[in-house]
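K.L.:
Take a look at final_39.pdb, PDB, C-alpha atoms (C1' of nucleotides):
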```pdb
MODEL        1
ATOM      1  CA  MET A  22       4.174  30.212 -11.397
ATOM      2  CA  ASP A  23       5.181  27.073  -9.564
ATOM      3  CA  THR A  24       6.767  24.698 -11.989
ATOM      4  CA  SER A  25       8.785  22.734  -9.487
ATOM      5  CA  LYS A  26       6.672  19.642  -9.967
ATOM      6  CA  LEU A  27       7.093  19.603 -13.704
ATOM      7  CA  PRO A  28       9.985  17.954 -15.497
ATOM      8  CA  ALA A  29       9.631  20.468 -18.297
ATOM      9  CA  ASN A  30       7.591  23.538 -19.005
ATOM     10  CA  VAL A  31       7.203  25.446 -22.237
ATOM     11  CA  PHE A  32       6.411  28.599 -20.329
ATOM     12  CA  ASP A  33       9.856  28.698 -18.853
ATOM     13  CA  PRO A  34      12.080  30.620 -21.238
ATOM     14  CA  ASN A  35      15.022  28.527 -20.135
ATOM     15  CA  CYS A  36      13.319  25.222 -20.762
ATOM     16  CA  PRO A  37      14.583  23.239 -23.744
ATOM     17  CA  SER A  38      11.059  22.157 -24.562
ATOM     18  CA  ARG A  39      10.691  25.617 -26.040
ATOM     19  CA  VAL A  40      13.226  24.986 -28.734
ATOM     20  CA  ILE A  41      11.393  21.824 -29.697
ATOM     21  CA  LEU A  42       8.284  23.784 -30.505
ATOM     22  CA  GLN A  43      10.375  26.100 -32.562
ATOM     23  CA  ARG A  44      11.927  23.154 -34.339
ATOM     24  CA  ILE A  45       8.424  22.237 -35.457
ATOM     25  CA  GLY A  46       7.974  25.693 -36.846
ATOM     26  CA  ASP A  47      11.293  25.473 -38.622
ATOM     27  CA  LYS A  48      10.791  26.040 -42.299
ATOM     28  CA  TRP A  49      12.231  22.671 -43.289
ATOM     29  CA  ALA A  50      12.627  20.456 -40.220
ATOM     30  CA  SER A  51       9.029  19.344 -39.884
ATOM     31  CA  LEU A  52       8.845  18.740 -43.618
ATOM     32  CA  VAL A  53      11.933  16.572 -43.540
ATOM     33  CA  ILE A  54      10.566  14.550 -40.671
ATOM     34  CA  GLN A  55       7.356  13.904 -42.499
ATOM     35  CA  VAL A  56       9.171  12.899 -45.665
ATOM     36  CA  LEU A  57      11.324  10.483 -43.697
ATOM     37  CA  GLY A  58       8.171   8.981 -42.289
ATOM     38  CA  ASP A  59       8.014   6.656 -45.278
ATOM     39  CA  GLY A  60      11.504   5.296 -44.710
ATOM     40  CA  PRO A  61      15.136   6.215 -45.326
ATOM     41  CA  VAL A  62      15.807   8.848 -47.928
ATOM     42  CA  ARG A  63      19.043  10.045 -49.387
ATOM     43  CA  PHE A  64      20.191  13.609 -49.557
ATOM     44  CA  SER A  65      19.388  14.290 -53.185
ATOM     45  CA  GLU A  66      15.963  12.686 -52.880
ATOM     46  CA  LEU A  67      15.255  14.891 -49.909
ATOM     47  CA  ARG A  68      16.199  17.919 -51.933
ATOM     48  CA  LYS A  69      13.800  16.943 -54.659
ATOM     49  CA  MET A  70      10.928  16.439 -52.264
ATOM     50  CA  VAL A  71      11.140  19.757 -50.577
ATOM     51  CA  ASN A  72      12.125  21.060 -53.957
ATOM     52  CA  VAL A  73      13.586  24.480 -53.455
ATOM     53  CA  VAL A  74      15.901  24.210 -50.501
ATOM     54  CA  THR A  75      19.591  24.916 -50.949
ATOM     55  CA  PRO A  76      22.086  22.209 -49.910
ATOM     56  CA  LYS A  77      23.481  24.388 -47.155
ATOM     57  CA  VAL A  78      20.140  24.894 -45.501
ATOM     58  CA  LEU A  79      19.117  21.282 -45.929
ATOM     59  CA  THR A  80      22.382  20.170 -44.374
ATOM     60  CA  GLN A  81      21.901  22.564 -41.490
ATOM     61  CA  THR A  82      18.427  21.234 -40.902
ATOM     62  CA  LEU A  83      19.574  17.634 -41.049
ATOM     63  CA  ARG A  84      22.459  18.220 -38.666
ATOM     64  CA  THR A  85      20.217  19.841 -36.114
ATOM     65  CA  LEU A  86      17.752  16.987 -36.374
ATOM     66  CA  GLU A  87      20.588  14.507 -36.069
ATOM     67  CA  ARG A  88      22.003  16.263 -33.052
ATOM     68  CA  ASP A  89      18.637  16.142 -31.357
ATOM     69  CA  GLY A  90      18.481  12.415 -31.934
ATOM     70  CA  LEU A  91      15.524  12.590 -34.283
ATOM     71  CA  ILE A  92      17.253  11.212 -37.356
ATOM     72  CA  THR A  93      20.321   9.164 -38.178
ATOM     73  CA  ARG A  94      22.825   9.743 -40.914
ATOM     74  CA  THR A  95      24.318   6.749 -42.670
ATOM     75  CA  ILE A  96      27.229   7.136 -45.027
ATOM     76  CA  HIS A  97      27.726   4.473 -47.656
ATOM     77  CA  ALA A  98      31.347   4.573 -48.722
ATOM     78  CA  GLN A  99      30.710   4.127 -52.395
ATOM     79  CA  VAL A 100      31.198   5.790 -55.709
ATOM     80  CA  PRO A 101      29.111   7.754 -56.227
ATOM     81  CA  PRO A 102      28.699   8.753 -52.586
ATOM     82  CA  ARG A 103      25.417   7.955 -50.936
ATOM     83  CA  VAL A 104      24.100   9.180 -47.620
ATOM     84  CA  ASP A 105      20.848   8.005 -46.154
ATOM     85  CA  TYR A 106      18.809   9.792 -43.557
ATOM     86  CA  GLU A 107      16.344   7.909 -41.442
ATOM     87  CA  LEU A 108      14.070   8.622 -38.512
ATOM     88  CA  THR A 109      15.100   7.291 -35.145
ATOM     89  CA  GLU A 110      12.478   5.821 -32.875
ATOM     90  CA  MET A 111      12.140   9.157 -31.164
ATOM     91  CA  GLY A 112      11.881  10.898 -34.496
ATOM     92  CA  ALA A 113       9.175   8.500 -35.580
ATOM     93  CA  SER A 114       7.263   9.162 -32.381
ATOM     94  CA  LEU A 115       7.004  12.767 -33.456
ATOM     95  CA  LEU A 116       5.196  11.734 -36.600
ATOM     96  CA  GLU A 117       1.819  11.385 -34.952
ATOM     97  CA  PRO A 118       1.584  14.777 -33.226
ATOM     98  CA  LEU A 119       3.023  16.324 -36.337
ATOM     99  CA  ARG A 120       0.444  14.676 -38.542
ATOM    100  CA  MET A 121      -2.361  15.955 -36.346
ATOM    101  CA  LEU A 122      -0.986  19.424 -36.551
ATOM    102  CA  ARG A 123      -0.606  19.197 -40.295
ATOM    103  CA  GLU A 124      -4.145  17.993 -40.660
ATOM    104  CA  TRP A 125      -5.366  20.840 -38.533
ATOM    105  CA  ALA A 126      -3.398  23.255 -40.652
ATOM    106  CA  GLU A 127      -4.529  21.899 -43.985
ATOM    107  CA  SER A 128      -8.156  21.672 -42.966
ATOM    108  CA  HIS A 129      -8.273  25.194 -41.565
ATOM    109  CA  VAL A 130      -6.599  26.958 -44.433
ATOM    110  CA  PRO A 131      -9.845  28.223 -45.977
ATOM    111  CA  ALA A 132     -11.147  29.554 -42.674
ATOM    112  CA  ILE A 133      -7.893  31.331 -41.961
ATOM    113  CA  LEU A 134      -7.781  32.834 -45.417
ATOM    114  CA  GLU A 135     -11.313  34.114 -44.929
ATOM    115  CA  ALA A 136     -10.437  35.535 -41.549
ATOM    116  CA  ARG A 137      -7.508  37.378 -43.038
ATOM    117  CA  ASP A 138      -9.626  38.757 -45.812
ATOM    118  CA  ALA A 139     -12.226  40.014 -43.374
ATOM    119  CA  TYR A 140      -9.584  41.478 -41.102
ATOM    120  CA  ASP A 141      -7.809  43.284 -43.908
ATOM    121  CA  GLU A 142     -11.064  44.723 -45.171
ATOM    122  CA  GLU A 143     -11.870  46.086 -41.745
ATOM    123  CA  GLN A 144      -8.456  47.641 -41.582
ATOM    124  CA  ASP A 145      -8.872  49.287 -44.963
ATOM    125  CA  LYS A 146     -12.217  50.731 -43.958
ATOM    126  CA  ALA A 147     -10.739  52.069 -40.760
ATOM    127  CA  VAL A 148      -7.895  53.714 -42.630
ATOM    128  CA  LEU A 149     -10.222  55.305 -45.156
ATOM    129  CA  GLY A 150     -12.448  56.556 -42.385
ATOM    130  CA  PRO A 151     -16.141  55.990 -41.659
ATOM    131  CA  ALA A 152     -17.129  58.242 -44.564
ATOM    132  CA  GLY A 153     -14.692  56.675 -46.973
ATOM    133  CA  GLY A 154     -16.808  53.669 -47.953
TER     134      GLY A 154
ATOM    135  CA  MET B 197       3.232  20.766 -58.941
ATOM    136  CA  ASP B 198      -0.415  19.960 -59.528
ATOM    137  CA  THR B 199      -2.259  20.557 -56.314
ATOM    138  CA  SER B 200      -5.627  21.168 -57.881
ATOM    139  CA  LYS B 201      -7.057  18.078 -56.244
ATOM    140  CA  LEU B 202      -5.812  18.961 -52.819
ATOM    141  CA  PRO B 203      -7.416  21.494 -50.517
ATOM    142  CA  ALA B 204      -4.052  22.146 -48.938
ATOM    143  CA  ASN B 205      -0.575  20.664 -48.859
ATOM    144  CA  VAL B 206       2.290  21.559 -46.576
ATOM    145  CA  PHE B 207       4.775  20.373 -49.150
ATOM    146  CA  ASP B 208       3.749  23.079 -51.537
ATOM    147  CA  PRO B 209       5.851  26.157 -50.800
ATOM    148  CA  ASN B 210       2.974  28.351 -51.925
ATOM    149  CA  CYS B 211       0.438  26.752 -49.645
ATOM    150  CA  PRO B 212      -0.714  28.826 -46.686
ATOM    151  CA  SER B 213      -0.756  25.734 -44.502
ATOM    152  CA  ARG B 214       2.983  26.190 -44.338
ATOM    153  CA  VAL B 215       2.735  29.474 -42.521
ATOM    154  CA  ILE B 216       0.448  27.865 -39.985
ATOM    155  CA  LEU B 217       3.139  25.412 -38.999
ATOM    156  CA  GLN B 218       5.505  28.296 -38.628
ATOM    157  CA  ARG B 219       2.990  30.121 -36.521
ATOM    158  CA  ILE B 220       3.141  27.187 -34.124
ATOM    159  CA  GLY B 221       6.873  27.524 -33.964
ATOM    160  CA  ASP B 222       6.583  31.235 -33.390
ATOM    161  CA  LYS B 223       8.354  32.157 -30.208
ATOM    162  CA  TRP B 224       5.246  33.605 -28.579
ATOM    163  CA  ALA B 225       2.170  32.675 -30.603
ATOM    164  CA  SER B 226       1.763  29.132 -29.378
ATOM    165  CA  LEU B 227       2.386  30.242 -25.826
ATOM    166  CA  VAL B 228      -0.288  32.897 -26.071
ATOM    167  CA  ILE B 229      -2.775  30.412 -27.452
ATOM    168  CA  GLN B 230      -2.157  28.046 -24.603
ATOM    169  CA  VAL B 231      -2.486  30.789 -22.025
ATOM    170  CA  LEU B 232      -5.786  31.864 -23.547
ATOM    171  CA  GLY B 233      -6.964  28.285 -23.278
ATOM    172  CA  ASP B 234      -8.161  29.038 -19.755
ATOM    173  CA  GLY B 235     -10.322  31.944 -20.830
ATOM    174  CA  PRO B 236     -10.036  35.598 -21.775
ATOM    175  CA  VAL B 237      -6.929  37.416 -20.629
ATOM    176  CA  ARG B 238      -6.040  41.054 -20.794
ATOM    177  CA  PHE B 239      -2.938  42.522 -22.289
ATOM    178  CA  SER B 240      -1.052  43.165 -19.107
ATOM    179  CA  GLU B 241      -1.891  39.733 -17.727
ATOM    180  CA  LEU B 242      -0.601  38.187 -20.891
ATOM    181  CA  ARG B 243       2.626  40.061 -20.492
ATOM    182  CA  LYS B 244       3.048  38.764 -16.992
ATOM    183  CA  MET B 245       2.465  35.168 -18.003
ATOM    184  CA  VAL B 246       5.003  35.034 -20.751
ATOM    185  CA  ASN B 247       6.993  37.331 -18.575
ATOM    186  CA  VAL B 248       9.754  38.714 -20.709
ATOM    187  CA  VAL B 249       8.109  39.773 -23.920
ATOM    188  CA  THR B 250       8.147  43.440 -24.928
ATOM    189  CA  PRO B 251       4.815  45.119 -25.640
ATOM    190  CA  LYS B 252       5.716  45.601 -29.264
ATOM    191  CA  VAL B 253       6.360  41.941 -29.867
ATOM    192  CA  LEU B 254       3.334  40.852 -27.890
ATOM    193  CA  THR B 255       1.152  43.211 -29.866
ATOM    194  CA  GLN B 256       2.583  41.921 -33.109
ATOM    195  CA  THR B 257       1.893  38.373 -32.065
ATOM    196  CA  LEU B 258      -1.648  39.188 -30.999
ATOM    197  CA  ARG B 259      -2.415  41.048 -34.221
ATOM    198  CA  THR B 260      -1.222  38.169 -36.337
ATOM    199  CA  LEU B 261      -3.298  35.744 -34.320
ATOM    200  CA  GLU B 262      -6.292  38.031 -34.583
ATOM    201  CA  ARG B 263      -5.867  38.417 -38.310
ATOM    202  CA  ASP B 264      -5.801  34.663 -38.712
ATOM    203  CA  GLY B 265      -9.060  34.410 -36.821
ATOM    204  CA  LEU B 266      -7.561  32.527 -33.895
ATOM    205  CA  ILE B 267      -8.267  35.125 -31.240
ATOM    206  CA  THR B 268     -10.567  38.081 -30.745
ATOM    207  CA  ARG B 269      -9.720  41.458 -29.324
ATOM    208  CA  THR B 270     -12.285  43.202 -27.185
ATOM    209  CA  ILE B 271     -11.850  46.811 -26.159
ATOM    210  CA  HIS B 272     -13.639  47.996 -23.038
ATOM    211  CA  ALA B 273     -14.003  51.755 -23.267
ATOM    212  CA  GLN B 274     -13.174  52.477 -19.673
ATOM    213  CA  VAL B 275     -10.700  54.229 -17.491
ATOM    214  CA  PRO B 276      -8.283  52.662 -17.074
ATOM    215  CA  PRO B 277      -8.391  51.056 -20.510
ATOM    216  CA  ARG B 278      -8.934  47.355 -20.676
ATOM    217  CA  VAL B 279      -8.494  45.029 -23.615
ATOM    218  CA  ASP B 280      -9.324  41.372 -23.463
ATOM    219  CA  TYR B 281      -8.010  38.697 -25.743
ATOM    220  CA  GLU B 282      -9.881  35.479 -26.188
ATOM    221  CA  LEU B 283      -9.658  32.365 -28.305
ATOM    222  CA  THR B 284     -12.130  31.985 -31.119
ATOM    223  CA  GLU B 285     -13.673  28.605 -31.775
ATOM    224  CA  MET B 286     -11.018  27.967 -34.366
ATOM    225  CA  GLY B 287      -8.313  29.079 -31.969
ATOM    226  CA  ALA B 288      -9.667  26.746 -29.328
ATOM    227  CA  SER B 289      -9.639  23.876 -31.797
ATOM    228  CA  LEU B 290      -5.916  24.336 -32.065
ATOM    229  CA  LEU B 291      -5.543  23.704 -28.358
ATOM    230  CA  GLU B 292      -5.692  19.943 -28.660
ATOM    231  CA  PRO B 293      -3.028  19.383 -31.322
ATOM    232  CA  LEU B 294      -0.926  21.970 -29.564
ATOM    233  CA  ARG B 295      -1.268  20.223 -26.246
ATOM    234  CA  MET B 296      -0.184  16.929 -27.758
ATOM    235  CA  LEU B 297       2.829  18.571 -29.253
ATOM    236  CA  ARG B 298       3.698  20.239 -25.989
ATOM    237  CA  GLU B 299       3.407  16.973 -24.141
ATOM    238  CA  TRP B 300       5.643  15.303 -26.649
ATOM    239  CA  ALA B 301       8.138  18.102 -26.270
ATOM    240  CA  GLU B 302       8.144  18.136 -22.499
ATOM    241  CA  SER B 303       8.364  14.389 -22.182
ATOM    242  CA  HIS B 304      11.218  14.068 -24.644
ATOM    243  CA  VAL B 305      13.396  16.815 -23.254
ATOM    244  CA  PRO B 306      15.720  14.446 -21.370
ATOM    245  CA  ALA B 307      16.212  12.158 -24.359
ATOM    246  CA  ILE B 308      16.960  15.078 -26.629
ATOM    247  CA  LEU B 309      19.416  16.542 -24.174
ATOM    248  CA  GLU B 310      21.176  13.197 -23.970
ATOM    249  CA  ALA B 311      21.278  12.919 -27.742
ATOM    250  CA  ARG B 312      22.847  16.349 -27.981
ATOM    251  CA  ASP B 313      25.423  15.482 -25.404
ATOM    252  CA  ALA B 314      26.368  12.310 -27.221
ATOM    253  CA  TYR B 315      26.486  14.073 -30.539
ATOM    254  CA  ASP B 316      28.640  16.898 -29.269
ATOM    255  CA  GLU B 317      31.064  14.462 -27.684
ATOM    256  CA  GLU B 318      31.443  12.609 -30.951
ATOM    257  CA  GLN B 319      32.124  15.879 -32.699
ATOM    258  CA  ASP B 320      34.766  16.841 -30.191
ATOM    259  CA  LYS B 321      36.491  13.497 -30.593
ATOM    260  CA  ALA B 322      36.435  13.831 -34.354
ATOM    261  CA  VAL B 323      37.942  17.295 -34.165
ATOM    262  CA  LEU B 324      40.708  16.179 -31.823
ATOM    263  CA  GLY B 325      41.473  13.247 -34.063
ATOM    264  CA  PRO B 326      41.585   9.497 -33.340
ATOM    265  CA  ALA B 327      44.830   9.883 -31.407
ATOM    266  CA  GLY B 328      43.594  12.892 -29.498
ATOM    267  CA  GLY B 329      41.629  10.986 -26.880
TER     268      GLY B 329
ATOM    269  C1'  DC C 265      26.626  12.812 -55.172
ATOM    270  C1'  DA C 266      26.981  15.183 -50.864
ATOM    271  C1'  DG C 267      28.313  18.555 -48.910
ATOM    272  C1'  DG C 268      31.605  22.908 -46.976
ATOM    273  C1'  DA C 269      32.763  28.067 -47.342
ATOM    274  C1'  DT C 270      31.559  32.633 -48.011
ATOM    275  C1'  DC C 271      28.743  36.576 -48.588
ATOM    276  C1'  DC C 272      24.212  38.709 -48.643
ATOM    277  C1'  DA C 273      19.068  39.667 -47.838
ATOM    278  C1'  DT C 274      15.579  39.471 -44.646
ATOM    279  C1'  DG C 275      12.660  38.845 -40.818
ATOM    280  C1'  DT C 276      11.933  38.802 -36.091
ATOM    281  C1'  DA C 277      12.936  40.046 -31.334
ATOM    282  C1'  DG C 278      14.368  43.344 -28.041
ATOM    283  C1'  DA C 279      15.550  48.069 -25.974
ATOM    284  C1'  DT C 280      13.998  52.478 -25.425
ATOM    285  C1'  DA C 281      11.081  56.366 -25.571
ATOM    286  C1'  DC C 282       6.575  58.322 -26.199
ATOM    287  C1'  DT C 283       1.083  58.698 -26.525
ATOM    288  C1'  DG C 284      -4.249  58.378 -25.928
TER     289       DG C 284
ATOM    290  C1'  DC D 236      -3.388  50.485 -19.120
ATOM    291  C1'  DA D 237      -2.495  49.423 -23.746
ATOM    292  C1'  DG D 238      -0.409  50.255 -26.938
ATOM    293  C1'  DT D 239       2.852  52.963 -31.129
ATOM    294  C1'  DA D 240       7.401  54.482 -33.227
ATOM    295  C1'  DT D 241      12.149  54.005 -34.068
ATOM    296  C1'  DC D 242      16.533  51.844 -33.974
ATOM    297  C1'  DT D 243      19.474  47.978 -33.326
ATOM    298  C1'  DA D 244      21.126  42.986 -32.888
ATOM    299  C1'  DC D 245      21.027  38.512 -34.236
ATOM    300  C1'  DA D 246      19.346  34.264 -36.285
ATOM    301  C1'  DT D 247      17.825  32.140 -40.469
ATOM    302  C1'  DG D 248      17.435  31.351 -45.291
ATOM    303  C1'  DG D 249      19.353  31.779 -49.738
ATOM    304  C1'  DA D 250      22.813  32.501 -53.803
ATOM    305  C1'  DT D 251      27.073  31.279 -55.480
ATOM    306  C1'  DC D 252      31.275  28.945 -55.795
ATOM    307  C1'  DC D 253      34.266  25.170 -54.547
ATOM    308  C1'  DT D 254      35.758  20.212 -52.966
ATOM    309  C1'  DG D 255      36.301  15.036 -51.636
TER     310       DG D 255
ENDMDL
END
```
Translate this structure into C-alpha cells?

P.N.:
Amino acid sequence: MDTSKLPANVFDPNCPSRVILQRIGDKWASLVIQVLGDGPVRFSELRKMVNVVTPKVLTQTLRTLERDGLITRTIHAQVPPRVDYELTEMGASLLEPLRMLREWAESHVPAILEARDAYDEEQDKAVLGPAGG
Amino acid sequence: MDTSKLPANVFDPNCPSRVILQRIGDKWASLVIQVLGDGPVRFSELRKMVNVVTPKVLTQTLRTLERDGLITRTIHAQVPPRVDYELTEMGASLLEPLRMLREWAESHVPAILEARDAYDEEQDKAVLGPAGG
DNA sequence: CAGGATCCATGTAGATACTG
DNA sequence: CAGTATCTACATGGATCCTG
C-alpha cells in the first residue's frame, strides 16, 4: 500500500493515529471527554459521574489525556485541595465525532442485541446438531 | 441510576452501548470494518491488508463483528476453500462515524505528538528539579 | 480532597503447531 | 485456504492502603 502521500494512516501499525482510535475505545477516556464537554470538572466530581472508577485508574486516564493535549489540569492551592480538569481546544474538537459515534452506538443497541441473540441461537443449534432441535 | 426513560446511555456501566465504543477502539475491529467498506473481502486478503495479525486474532475479531451483526460470513464450498466477509447494512452505517473519527485522528497526529513532547519535557524538568536545568 | 504505591485478576494479542 | 488449539506475554483495570 502506498501511503507516502498521507500525513497519517490508521492502517500503518506504526502510525500514532492508531493509538488515538484506541484511546476512544478506552474504558474511561471517551467518557471523561464527554463529561468535560459541559465545562471544567474537578476530580471528585468526575469520579461521581463515571461512578465506579478507582482513583488510580481515573488518574491514569486523566494523565494520558493531559499528555496528549486533550485536557488541562489546574491545581488550586487551597485547603481543601481542588484540581480542575478542562478540555483544551483540541479536546473539545473531539466532542463532535465522539458524539456522533455515541449516538450511533446508543441508537443501534437494540439491533446489535438482536443480532447477538440470533447468532447465539444459531450456534446452539449447531452444537446440538441438526436433529437436536 | 434510573435509565428507564433512555433507550441507551454510555454512562451506564451496564449499558451495551459501552461495549460498542470499545469495539471501535479494538485493535483490529475498526480496521476490518474500514477495509470491508470497499466491498466483500476474503480471509486471506484481510490478513494481507492489516498485515501483521495472526489468524487466531483475526478470526476472533471477525466472529465478534459477525455476532454483533456488523458483518456477514459467506462460505463458498469449493476447493480451495473461500470465505468472504462483507459489511451488513448496519456495519456499513458505522462507516461514516468511523471515517470522521479517523479523519480527526489522522489530522491531529502532529498536534498530539507535539503535546506529548511538551508534556514529557515538563516532566523531565520536574524530576531533575528547578536547579537541574 | 486528590492522588501515589503496591499487589492482584483478567482480557487480549501473539507465537506456534495442527486440521478439514 | 481458512481456520482451530494451546501456551505465553503484556497491558489494563481494580482493590486496598497510605500520604500531602

K.L.:
Rounded to one decimal in Å, what is the spacing between C1' of DC236 in chain D and CA of Lys146 in chain A?

P.N.:
26.4 Å

K.L.:
On this structure, which residues satisfy the PyMOL selection byres ((chain D) within 9 of (chain B)), written as a list in words?

P.N.:
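Selected by the PyMOL selection byres ((chain D) within 9 of (chain B)) here: DC236, DA237, DG238 and DT239 of chain D.
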
K.L.:
Give me a file of those residues, with C-alpha atoms (C1' of nucleotides), as a PDB file, in the frame of the given file.

P.N.:
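Contents of the output file again_16.pdb:
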```
ATOM      1  C1'  DC D 236      -3.388  50.485 -19.120  1.00  0.00           C
ATOM      2  C1'  DA D 237      -2.495  49.423 -23.746  1.00  0.00           C
ATOM      3  C1'  DG D 238      -0.409  50.255 -26.938  1.00  0.00           C
ATOM      4  C1'  DT D 239       2.852  52.963 -31.129  1.00  0.00           C
TER       5       DT D 239
END
```

K.L.:
Quick one: superpose chain B onto chain A using all C-alpha atoms paired in order, least squares, and give it to me as a short mmCIF file (atom, residue, chain, number, x, y, z; two decimals) with C-alpha atoms, in the frame of the given file.

P.N.:
```
data_model
loop_
_atom_site.label_atom_id
_atom_site.label_comp_id
_atom_site.auth_asym_id
_atom_site.auth_seq_id
_atom_site.Cartn_x
_atom_site.Cartn_y
_atom_site.Cartn_z
CA MET B 197 9.30 30.39 -11.23
CA ASP B 198 9.44 27.13 -9.33
CA THR B 199 9.44 24.33 -11.83
CA SER B 200 11.14 21.80 -9.62
CA LYS B 201 8.06 19.61 -9.60
CA LEU B 202 7.65 19.65 -13.33
CA PRO B 203 9.68 17.57 -15.75
CA ALA B 204 9.16 20.21 -18.40
CA ASN B 205 7.06 23.29 -19.02
CA VAL B 206 6.67 25.23 -22.23
CA PHE B 207 5.80 28.35 -20.29
CA ASP B 208 9.23 28.47 -18.77
CA PRO B 209 11.48 30.45 -21.10
CA ASN B 210 14.43 28.37 -19.97
CA CYS B 211 12.78 25.06 -20.69
CA PRO B 212 14.10 23.13 -23.68
CA SER B 213 10.59 22.04 -24.56
CA ARG B 214 10.22 25.51 -26.00
CA VAL B 215 12.82 24.94 -28.66
CA ILE B 216 11.04 21.77 -29.67
CA LEU B 217 7.92 23.70 -30.54
CA GLN B 218 10.04 26.04 -32.56
CA ARG B 219 11.65 23.12 -34.30
CA ILE B 220 8.18 22.15 -35.48
CA GLY B 221 7.70 25.60 -36.87
CA ASP B 222 11.07 25.47 -38.55
CA LYS B 223 10.66 26.08 -42.24
CA TRP B 224 12.17 22.74 -43.23
CA ALA B 225 12.50 20.50 -40.18
CA SER B 226 8.91 19.37 -39.95
CA LEU B 227 8.80 18.80 -43.68
CA VAL B 228 11.89 16.64 -43.55
CA ILE B 229 10.46 14.58 -40.72
CA GLN B 230 7.30 13.94 -42.64
CA VAL B 231 9.19 12.98 -45.77
CA LEU B 232 11.29 10.54 -43.78
CA GLY B 233 8.10 9.02 -42.45
CA ASP B 234 8.03 6.73 -45.47
CA GLY B 235 11.49 5.36 -44.85
CA PRO B 236 15.13 6.29 -45.33
CA VAL B 237 15.88 8.95 -47.91
CA ARG B 238 19.15 10.16 -49.27
CA PHE B 239 20.34 13.71 -49.37
CA SER B 240 19.65 14.41 -53.00
CA GLU B 241 16.20 12.83 -52.81
CA LEU B 242 15.41 15.00 -49.86
CA ARG B 243 16.41 18.04 -51.83
CA LYS B 244 14.10 17.08 -54.63
CA MET B 245 11.14 16.57 -52.34
CA VAL B 246 11.30 19.89 -50.61
CA ASN B 247 12.42 21.19 -53.93
CA VAL B 248 13.78 24.63 -53.34
CA VAL B 249 16.03 24.33 -50.34
CA THR B 250 19.75 25.05 -50.70
CA PRO B 251 22.19 22.35 -49.62
CA LYS B 252 23.51 24.51 -46.83
CA VAL B 253 20.12 24.99 -45.25
CA LEU B 254 19.14 21.37 -45.72
CA THR B 255 22.35 20.25 -44.10
CA GLN B 256 21.79 22.61 -41.21
CA THR B 257 18.31 21.28 -40.73
CA LEU B 258 19.47 17.68 -40.88
CA ARG B 259 22.30 18.26 -38.41
CA THR B 260 19.97 19.86 -35.91
CA LEU B 261 17.53 17.00 -36.25
CA GLU B 262 20.35 14.51 -35.88
CA ARG B 263 21.70 16.25 -32.83
CA ASP B 264 18.29 16.11 -31.22
CA GLY B 265 18.16 12.39 -31.82
CA LEU B 266 15.25 12.58 -34.25
CA ILE B 267 17.06 11.23 -37.28
CA THR B 268 20.14 9.18 -38.02
CA ARG B 269 22.73 9.77 -40.69
CA THR B 270 24.26 6.79 -42.41
CA ILE B 271 27.25 7.16 -44.67
CA HIS B 272 27.82 4.50 -47.31
CA ALA B 273 31.48 4.58 -48.27
CA GLN B 274 30.95 4.15 -51.97
CA VAL B 275 31.47 5.85 -55.26
CA PRO B 276 29.40 7.81 -55.83
CA PRO B 277 28.91 8.78 -52.19
CA ARG B 278 25.60 7.99 -50.63
CA VAL B 279 24.18 9.23 -47.36
CA ASP B 280 20.88 8.07 -46.00
CA TYR B 281 18.77 9.85 -43.46
CA GLU B 282 16.26 7.98 -41.41
CA LEU B 283 13.91 8.65 -38.53
CA THR B 284 14.86 7.30 -35.15
CA GLU B 285 12.19 5.79 -32.95
CA MET B 286 11.81 9.12 -31.23
CA GLY B 287 11.62 10.89 -34.57
CA ALA B 288 8.94 8.49 -35.72
CA SER B 289 6.96 9.13 -32.55
CA LEU B 290 6.72 12.73 -33.60
CA LEU B 291 4.99 11.72 -36.80
CA GLU B 292 1.58 11.34 -35.21
CA PRO B 293 1.29 14.71 -33.46
CA LEU B 294 2.79 16.29 -36.54
CA ARG B 295 0.27 14.64 -38.80
CA MET B 296 -2.60 15.89 -36.67
CA LEU B 297 -1.23 19.37 -36.80
CA ARG B 298 -0.79 19.18 -40.54
CA GLU B 299 -4.32 17.96 -40.99
CA TRP B 300 -5.61 20.78 -38.87
CA ALA B 301 -3.59 23.22 -40.91
CA GLU B 302 -4.65 21.90 -44.29
CA SER B 303 -8.29 21.66 -43.36
CA HIS B 304 -8.45 25.15 -41.93
CA VAL B 305 -6.72 26.94 -44.76
CA PRO B 306 -9.94 28.23 -46.34
CA ALA B 307 -11.32 29.53 -43.05
CA ILE B 308 -8.08 31.29 -42.25
CA LEU B 309 -7.91 32.85 -45.67
CA GLU B 310 -11.45 34.12 -45.26
CA ALA B 311 -10.65 35.51 -41.83
CA ARG B 312 -7.68 37.37 -43.26
CA ASP B 313 -9.75 38.78 -46.04
CA ALA B 314 -12.39 40.02 -43.64
CA TYR B 315 -9.80 41.45 -41.31
CA ASP B 316 -7.95 43.27 -44.06
CA GLU B 317 -11.17 44.75 -45.38
CA GLU B 318 -12.04 46.08 -41.96
CA GLN B 319 -8.61 47.63 -41.71
CA ASP B 320 -8.96 49.30 -45.08
CA LYS B 321 -12.32 50.74 -44.11
CA ALA B 322 -10.92 52.04 -40.85
CA VAL B 323 -8.03 53.69 -42.65
CA LEU B 324 -10.30 55.35 -45.20
CA GLY B 325 -12.55 56.58 -42.45
CA PRO B 326 -16.30 56.09 -41.85
CA ALA B 327 -17.14 58.47 -44.69
CA GLY B 328 -14.63 56.92 -47.03
CA GLY B 329 -16.77 53.99 -48.12
#
```

K.L.:
Give me the result of the PyMOL selection byres ((chain B) within 6 of (chain A)) on this file, residue by residue, as JSON, numbers by chain.

P.N.:
{"B": [204, 213, 217, 218, 220, 221, 263, 264, 265, 293, 297, 301, 302, 305, 308, 311, 312, 315]}

K.L.:
Using C-alpha atoms, can you export the residues from the last selection as a short mmCIF file (atom, residue, chain, number, x, y, z; two decimals), keeping the file's coordinate frame?

P.N.:
```
data_model
loop_
_atom_site.label_atom_id
_atom_site.label_comp_id
_atom_site.auth_asym_id
_atom_site.auth_seq_id
_atom_site.Cartn_x
_atom_site.Cartn_y
_atom_site.Cartn_z
CA ALA B 204 -4.05 22.15 -48.94
CA SER B 213 -0.76 25.73 -44.50
CA LEU B 217 3.14 25.41 -39.00
CA GLN B 218 5.50 28.30 -38.63
CA ILE B 220 3.14 27.19 -34.12
CA GLY B 221 6.87 27.52 -33.96
CA ARG B 263 -5.87 38.42 -38.31
CA ASP B 264 -5.80 34.66 -38.71
CA GLY B 265 -9.06 34.41 -36.82
CA PRO B 293 -3.03 19.38 -31.32
CA LEU B 297 2.83 18.57 -29.25
CA ALA B 301 8.14 18.10 -26.27
CA GLU B 302 8.14 18.14 -22.50
CA VAL B 305 13.40 16.82 -23.25
CA ILE B 308 16.96 15.08 -26.63
CA ALA B 311 21.28 12.92 -27.74
CA ARG B 312 22.85 16.35 -27.98
CA TYR B 315 26.49 14.07 -30.54
#
```
